[in-house]
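Data from final.txt: compact mmCIF, C-alpha atoms
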```
# COMPACT_ATOMS: atom_id res chain seq x y z
CA MET A 1 11.53 -64.99 24.89
CA GLY A 2 9.43 -63.63 27.75
CA THR A 3 12.24 -61.29 28.74
CA GLN A 4 12.49 -59.89 25.23
CA LEU A 5 8.70 -59.46 25.05
CA GLY A 6 8.68 -57.63 28.39
CA ALA A 7 11.43 -55.32 27.19
CA MET A 8 9.46 -54.55 24.04
CA VAL A 9 6.34 -53.79 26.09
CA ARG A 10 8.27 -51.47 28.41
CA GLU A 11 9.86 -49.71 25.42
CA GLY A 12 6.45 -49.33 23.78
CA GLY A 13 5.05 -47.90 27.00
CA ARG A 14 7.78 -45.28 27.18
CA SER A 15 7.14 -44.37 23.52
CA ASN A 16 3.42 -43.94 24.20
CA VAL A 17 4.12 -41.72 27.19
CA ALA A 18 6.48 -39.56 25.14
CA LEU A 19 3.95 -39.35 22.33
CA ARG A 20 1.18 -38.34 24.71
CA ALA A 21 3.39 -35.69 26.29
CA LEU A 22 4.21 -34.30 22.87
CA ILE A 23 0.51 -34.14 21.97
CA VAL A 24 -0.33 -32.35 25.24
CA VAL A 25 2.43 -29.78 24.67
CA GLY A 26 1.23 -29.23 21.10
CA VAL A 27 -2.34 -28.67 22.25
CA LEU A 28 -1.27 -26.22 24.93
CA VAL A 29 0.87 -24.24 22.50
CA ALA A 30 -1.91 -24.22 19.93
CA ASN A 31 -4.45 -23.02 22.50
CA GLY A 32 -2.11 -20.31 23.67
CA SER A 33 -1.52 -19.15 20.12
CA CYS A 34 -5.19 -19.17 19.24
CA ASN A 35 -5.93 -16.85 22.16
CA ARG A 36 -4.08 -14.20 20.18
CA PHE A 37 -3.92 -15.25 16.53
CA GLN A 38 -6.56 -16.81 14.36
CA GLU A 39 -5.94 -19.43 11.72
CA ALA A 40 -3.77 -18.18 8.91
CA TRP A 41 -6.32 -19.04 6.24
CA VAL A 42 -5.87 -16.60 3.36
CA MET A 43 -8.14 -16.33 0.36
CA ASN A 44 -6.81 -15.87 -3.13
CA CYS A 45 -5.86 -12.18 -3.22
CA ASP A 46 -5.60 -11.52 -6.93
CA HIS A 47 -8.45 -11.06 -9.35
CA THR A 48 -8.89 -10.70 -13.10
CA PHE A 49 -11.98 -8.93 -14.43
CA PRO A 50 -13.73 -10.00 -17.66
CA ASP A 51 -12.03 -7.13 -19.53
CA GLY A 52 -8.61 -8.64 -18.67
CA THR A 53 -7.67 -6.13 -15.94
CA THR A 54 -5.83 -7.85 -13.07
CA TYR A 55 -5.15 -6.74 -9.52
CA ASP A 56 -2.92 -8.46 -6.95
CA LEU A 57 -3.33 -7.46 -3.28
CA THR A 58 -1.37 -10.39 -1.87
CA ALA A 59 1.34 -8.16 -0.39
CA MET A 60 -1.29 -6.36 1.70
CA THR A 61 -2.44 -9.44 3.61
CA ARG A 62 -1.37 -9.35 7.26
CA THR A 63 -0.15 -12.75 8.40
CA ALA A 64 0.92 -13.99 11.85
CA GLY A 65 3.35 -11.61 13.49
CA ARG A 66 2.08 -8.51 11.66
CA SER A 67 -0.45 -6.21 13.31
CA ASP A 68 -3.89 -5.73 11.79
CA TYR A 69 -4.80 -2.52 10.00
CA VAL A 70 -6.50 0.02 12.26
CA GLY A 71 -8.89 2.80 11.27
CA ARG A 72 -11.48 5.04 12.87
CA ASP A 73 -14.53 7.04 11.89
CA LYS A 74 -15.51 10.60 12.81
CA LEU A 75 -17.39 9.33 15.88
CA GLY A 76 -14.27 7.70 17.27
CA ASN A 77 -15.36 4.12 16.58
CA MET A 78 -12.42 1.82 15.89
CA TYR A 79 -12.03 -0.65 13.04
CA TYR A 80 -9.62 -3.60 12.96
CA MET A 81 -9.02 -5.03 9.50
CA ASN A 82 -7.12 -7.41 7.30
CA VAL A 83 -7.00 -7.78 3.52
CA CYS A 84 -7.89 -11.14 2.00
CA GLY A 85 -7.77 -12.74 5.41
CA ASN A 86 -9.36 -12.65 8.85
CA VAL A 87 -7.91 -10.27 11.41
CA GLN A 88 -4.95 -11.66 13.31
CA GLU A 89 -6.34 -10.73 16.71
CA ILE A 90 -10.02 -10.60 17.68
CA PRO A 91 -10.63 -7.31 19.57
CA LYS A 92 -10.91 -7.78 23.33
CA GLU A 93 -14.32 -6.09 23.27
CA CYS A 94 -15.58 -8.89 21.02
CA LYS A 95 -14.09 -11.55 23.26
CA ALA A 96 -15.79 -9.96 26.26
CA LEU A 97 -19.14 -10.28 24.44
CA GLN A 98 -18.26 -13.85 23.44
CA LYS A 99 -18.26 -12.86 19.78
CA SER A 100 -15.61 -14.99 18.17
CA ILE A 101 -16.92 -15.07 14.60
CA ARG A 102 -13.89 -14.88 12.35
CA SER A 103 -14.06 -11.80 10.19
CA PRO A 104 -11.78 -9.57 8.08
CA VAL A 105 -13.23 -6.41 9.68
CA TYR A 106 -14.47 -5.67 13.20
CA GLN A 107 -16.06 -2.48 14.46
CA VAL A 108 -15.67 -1.47 18.12
CA ARG A 109 -18.05 1.23 19.41
CA ASN A 110 -17.63 3.16 22.65
CA GLU A 111 -14.91 0.73 23.72
CA SER A 112 -17.61 -1.77 24.64
CA TYR A 113 -19.78 -2.80 21.68
CA CYS A 114 -18.33 -4.97 18.93
CA HIS A 115 -19.64 -6.09 15.54
CA TRP A 116 -18.18 -8.15 12.73
CA LEU A 117 -18.88 -6.43 9.40
CA GLY A 118 -18.57 -9.35 7.00
CA VAL A 119 -17.16 -12.82 6.49
CA GLU A 120 -14.28 -13.80 4.29
CA GLN A 121 -16.11 -16.56 2.49
CA SER A 122 -18.68 -14.08 1.16
CA HIS A 123 -16.92 -11.41 -0.85
CA ALA A 124 -17.06 -9.73 -4.26
CA TRP A 125 -14.57 -7.77 -6.38
CA ASP A 126 -15.60 -4.60 -8.21
CA TYR A 127 -14.10 -1.45 -9.65
CA ILE A 128 -14.41 1.53 -7.31
CA GLU A 129 -15.83 3.43 -10.28
CA PRO A 130 -17.48 1.22 -12.93
CA GLY A 131 -15.51 1.26 -16.16
CA SER A 132 -12.52 3.05 -14.60
CA PRO A 133 -9.93 0.42 -13.58
CA PHE A 134 -7.20 3.00 -12.98
CA VAL A 135 -9.15 4.57 -10.10
CA GLY A 136 -8.82 1.39 -8.08
CA VAL A 137 -10.51 -1.81 -6.97
CA GLN A 138 -12.73 -2.76 -4.04
CA ILE A 139 -13.57 -5.93 -2.14
CA THR A 140 -17.01 -6.09 -0.52
CA TYR A 141 -17.43 -8.46 2.43
CA ASN A 142 -21.04 -9.50 3.02
CA ASN A 143 -23.03 -11.49 5.62
CA GLY A 144 -21.75 -9.56 8.61
CA GLU A 145 -23.53 -9.40 11.95
CA TYR A 146 -27.28 -8.75 11.83
CA CYS A 147 -28.00 -5.06 11.44
CA GLN A 148 -31.66 -4.18 11.09
CA GLU A 149 -34.85 -5.22 9.29
CA GLY A 150 -33.39 -8.44 7.97
CA VAL A 151 -30.24 -6.78 6.66
CA ASN A 152 -26.76 -7.91 7.61
CA ARG A 153 -23.77 -5.63 7.91
CA GLN A 154 -21.30 -5.35 5.04
CA VAL A 155 -18.06 -3.47 4.44
CA LYS A 156 -16.25 -2.25 1.33
CA LEU A 157 -12.46 -2.09 1.30
CA GLN A 158 -11.54 0.37 -1.45
CA PHE A 159 -7.96 0.25 -2.75
CA TYR A 160 -7.22 3.48 -4.60
CA CYS A 161 -4.45 3.43 -7.21
CA ASP A 162 -1.54 5.41 -5.72
CA HIS A 163 1.43 4.98 -8.07
CA LEU A 164 3.76 7.25 -6.10
CA GLY A 165 2.69 6.20 -2.60
CA ARG A 166 2.00 9.84 -1.69
CA LEU A 167 -1.65 9.60 -0.60
CA GLY A 168 -1.00 8.32 2.92
CA THR A 169 -2.24 5.15 4.60
CA VAL A 170 -5.56 3.72 5.71
CA GLY A 171 -5.09 5.39 9.09
CA ASP A 172 -5.11 8.83 7.44
CA TYR A 173 -8.71 8.47 6.23
CA TYR A 174 -11.97 8.18 8.14
CA VAL A 175 -14.04 5.05 7.74
CA THR A 176 -17.35 6.25 6.29
CA GLN A 177 -20.88 4.88 6.34
CA GLU A 178 -22.38 4.59 2.86
CA ALA A 179 -25.72 3.26 4.11
CA PRO A 180 -27.18 2.35 7.53
CA CYS A 181 -25.55 -1.09 7.34
CA THR A 182 -22.67 -0.50 4.90
CA TRP A 183 -19.22 0.85 5.79
CA VAL A 184 -16.43 1.98 3.46
CA VAL A 185 -12.68 1.85 4.21
CA THR A 186 -10.14 3.78 2.10
CA PHE A 187 -6.78 2.17 1.30
CA PRO A 188 -4.46 4.27 -0.93
CA THR A 189 -1.81 1.88 -2.27
CA PRO A 190 0.23 1.08 -5.40
CA TYR A 191 -1.42 -2.36 -5.29
CA GLY A 192 -4.71 -0.65 -6.12
CA CYS A 193 -3.35 -0.08 -9.63
CA PRO A 194 -3.98 -2.66 -12.35
CA LYS A 195 -1.18 -5.21 -12.51
CA GLY A 196 1.41 -4.38 -15.13
CA THR A 197 0.79 -0.63 -14.93
CA ALA A 198 3.06 0.09 -11.98
CA LEU A 199 5.66 2.72 -12.83
CA SER A 200 9.34 1.75 -13.02
CA GLN A 201 11.92 3.66 -11.00
CA GLY A 202 12.97 5.52 -14.14
CA SER A 203 9.38 6.53 -14.83
CA LEU A 204 8.92 7.63 -11.24
CA PHE A 205 12.04 9.79 -11.55
CA VAL A 206 10.72 11.43 -14.74
CA VAL A 207 7.31 12.07 -13.16
CA ALA A 208 8.89 13.49 -9.99
CA PHE A 209 11.25 15.70 -12.05
CA CYS A 210 8.37 17.07 -14.12
CA ILE A 211 6.35 17.83 -11.00
CA LEU A 212 9.26 19.58 -9.29
CA PHE A 213 10.24 21.54 -12.41
CA THR A 214 6.65 22.68 -12.92
CA GLY A 215 6.48 23.81 -9.31
CA TYR A 216 9.81 25.61 -9.68
CA CYS A 217 8.70 27.50 -12.79
CA GLY A 218 5.24 28.29 -11.45
CA GLY A 219 6.46 29.38 -8.03
CA GLY A 220 9.27 31.51 -9.47
CA LEU A 221 6.93 33.13 -11.97
CA LEU A 222 4.44 34.01 -9.24
CA LEU A 223 7.19 35.39 -6.99
CA ASN A 224 8.69 37.61 -9.72
CA MET A 225 5.28 38.95 -10.71
CA THR A 226 4.10 39.72 -7.16
CA LYS A 227 7.28 40.74 -5.38
CA PHE A 228 9.28 42.33 -8.22
CA ASP A 229 6.32 43.55 -10.31
CA LEU A 230 7.58 41.88 -13.48
CA PRO A 231 4.98 41.53 -16.26
CA LEU A 232 3.82 38.11 -17.31
CA GLY A 233 6.26 36.80 -19.88
CA PRO A 234 9.59 35.03 -20.33
CA ASP A 235 11.44 37.67 -18.29
CA ALA A 236 9.35 36.73 -15.24
CA LEU A 237 10.59 33.12 -15.25
CA PRO A 238 12.96 32.24 -12.35
CA HIS A 239 16.70 32.57 -13.11
CA ILE A 240 15.93 33.50 -16.71
CA SER A 241 19.48 34.75 -17.31
CA PHE A 242 20.89 31.36 -16.40
CA TRP A 243 18.44 29.48 -18.63
CA ARG A 244 19.16 31.79 -21.57
CA GLY A 245 22.88 31.19 -21.18
CA LEU A 246 22.55 27.45 -20.62
CA PRO A 247 22.79 26.42 -24.32
CA GLU A 248 26.08 28.30 -24.68
CA LEU A 249 27.39 26.74 -21.47
CA VAL A 250 26.46 23.28 -22.73
CA LYS A 251 28.17 24.01 -26.05
CA GLU A 252 31.36 25.21 -24.37
CA GLY A 253 31.34 22.18 -22.09
CA ALA A 254 30.98 19.82 -25.04
CA VAL A 255 33.80 21.58 -26.91
CA PHE A 256 36.04 21.45 -23.86
CA THR A 257 35.34 17.73 -23.36
CA ALA A 258 36.00 16.93 -27.01
CA ASP A 259 39.18 19.00 -27.02
CA SER A 260 40.47 17.22 -23.90
CA PHE A 261 39.73 13.90 -25.55
CA LEU A 262 41.73 14.88 -28.64
CA VAL A 263 44.66 16.01 -26.49
CA LYS A 264 44.72 12.61 -24.78
CA LEU A 265 44.75 10.93 -28.19
CA GLY A 266 47.74 13.08 -29.15
CA ARG A 267 45.90 14.74 -31.99
CA ARG A 268 46.07 18.22 -30.49
CA GLU A 269 48.31 20.22 -28.17
CA ALA A 270 46.94 21.30 -24.83
CA ARG A 271 45.67 24.88 -24.85
CA GLU A 272 46.70 27.49 -22.30
CA GLY A 273 43.30 28.63 -21.07
CA GLY A 274 41.13 31.08 -22.93
CA SER A 275 38.50 30.20 -25.46
CA PHE A 276 38.98 27.98 -28.42
CA GLU A 277 37.08 27.06 -31.50
CA TRP A 278 35.87 23.64 -32.48
CA SER A 279 37.55 22.48 -35.69
CA GLY A 280 36.12 19.01 -35.92
CA LEU A 281 37.79 15.68 -35.79
```
How does the structure come out when it is put into structure tokens?
Amino acid sequence: MGTQLGAMVREGGRSNVALRALIVVGVLVANGSCNRFQEAWVMNCDHTFPDGTTYDLTAMTRTAGRSDYVGRDKLGNMYYMNVCGNVQEIPKECKALQKSIRSPVYQVRNESYCHWLGVEQSHAWDYIEPGSPFVGVQITYNNGEYCQEGVNRQVKLQFYCDHLGRLGTVGDYYVTQEAPCTWVVTFPTPYGCPKGTALSQGSLFVVAFCILFTGYCGGGLLLNMTKFDLPLGPDALPHISFWRGLPELVKEGAVFTADSFLVKLGRREAREGGSFEWSGL
């Protein structure tokens, strides 16, 4: 009995040692990770306004393994940002100043000063332009670092509706200062459009075709009027001879296709070139 008890004690001791080692390794890994990445706590990133308009910015949230958004203002100050979440990596300038407040937006000035511009737990959703949901939506983060005269810093992330994705990225726009303690960041994105209004691929094709065709007609018209001195009118349109002959070409193509179909059905003999007339089925 004593032998069995001793064996159980020794086995339990080895289990405790293994468990302690596992805990130590876990703590070390966690500490190493936290030196670079913050907790992956993400707030709810969709919002429905009282008028029923819904936005969903979930796809814009940067999670572990994805770099934070980076912007700058006209003075060269840098901004490190996340959407609906704290930044993944606290700027080294903040760490040097022992500022480790978790924030969705940090400002770094002169590569030495650092400020957090708001906290995730204090935010508000609004339209960029009141009453105009198709312009875009904004999230305002409040309760940032103390600014002046009892006012804390705050930052507005403005997500402009960009159906076609042609307006660039956040890095293409300067961060602006709306007030002494309020900053504004511009995000052009399709996710800034109300949910359910995103264009399908077919719609995008139609829109792109209309834009290109309008540019083609306008550019050709301008060229013919300025370079070839043609008066404003139908004759000044680009390739007008082709467009005037297009209906006849379409008709001949349809007749040829129908005639070939009838030949395959055995209802007509193949023709030896030349033109032919449509006689119906």
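When atom CA of Val105 of chain A is paired with atom CA of Asp56 of chain A, their separation reads 19.7 Å.
Residues in contact with segment 58-63 of chain A at 7 Å, where all atoms listed in the file are counted and same-chain residues fewer than 4 positions away are skipped, are listed as Ala40, Cys45, Asp46, Ser67, Asp68, Asn82, Val83, Cys84, Gly85 and Gln88 of chain A.
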Include C-alpha atoms and write out the residues we just selected as an mmCIF file, in the frame of the given file.
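As a result, result24.cif now contains:
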```cif
data_model
loop_
_atom_site.group_PDB
_atom_site.id
_atom_site.type_symbol
_atom_site.label_atom_id
_atom_site.label_comp_id
_atom_site.auth_asym_id
_atom_site.auth_seq_id
_atom_site.Cartn_x
_atom_site.Cartn_y
_atom_site.Cartn_z
ATOM 1 C CA ALA A 40 -3.770 -18.180 8.910
ATOM 2 C CA CYS A 45 -5.860 -12.180 -3.220
ATOM 3 C CA ASP A 46 -5.600 -11.520 -6.930
ATOM 4 C CA SER A 67 -0.450 -6.210 13.310
ATOM 5 C CA ASP A 68 -3.890 -5.730 11.790
ATOM 6 C CA ASN A 82 -7.120 -7.410 7.300
ATOM 7 C CA VAL A 83 -7.000 -7.780 3.520
ATOM 8 C CA CYS A 84 -7.890 -11.140 2.000
ATOM 9 C CA GLY A 85 -7.770 -12.740 5.410
ATOM 10 C CA GLN A 88 -4.950 -11.660 13.310
#
```
Looking at all atoms listed in the file, which of A:Met81, A:Ala208, A:Cys114, A:Ala236 is the one that sits closest to Leu222 of chain A?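 Using all atoms listed in the file, Leu222 of chain A sits closest to A:Ala236.
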Selected residue of minimal separation from Tyr141 of chain A among A:Tyr160, A:Tyr106, A:Tyr174, A:Phe187, counting all atoms listed in the file: A:Tyr106
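When the distance limit is 12 Å and only C-alpha atoms are what count, the residues near Asn143 of chain A, minus those fewer than 3 positions from it on the same chain, are Ile101, Arg102, Ser103, Pro104, Val105, His115, Trp116, Leu117, Gly118, Val119, Glu120, Gln121, Ser122, His123, Ala124, Thr140, Tyr146, Cys147, Gly150, Val151, Asn152, Arg153, Gln154, Val155, Cys181 and Thr182 of chain A.
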Test item: residues at most 9 Å from Pro194 of chain A, only C-alpha atoms, excluding those fewer than 3 positions along its chain, as a list in words: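 Neighbouring residues, sequence-local ones excluded: Thr53, Thr54, Tyr55, Asp56, Pro133, Phe134, Gly136, Val137, Cys161, Pro190, Tyr191, Thr197 and Ala198 of chain A.
Interatomic distance, atom CA of Trp125 of chain A to atom CA of Pro188 of chain A: 16.6 Å.
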Return the single residue from A:Glu149, A:Val250, A:Thr189, A:Cys217 that is closest to Asp235 of chain A, with distances computed using all atoms listed in the file.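 Counting all atoms listed in the file, the residue closest to Asp235 of chain A is A:Cys217.
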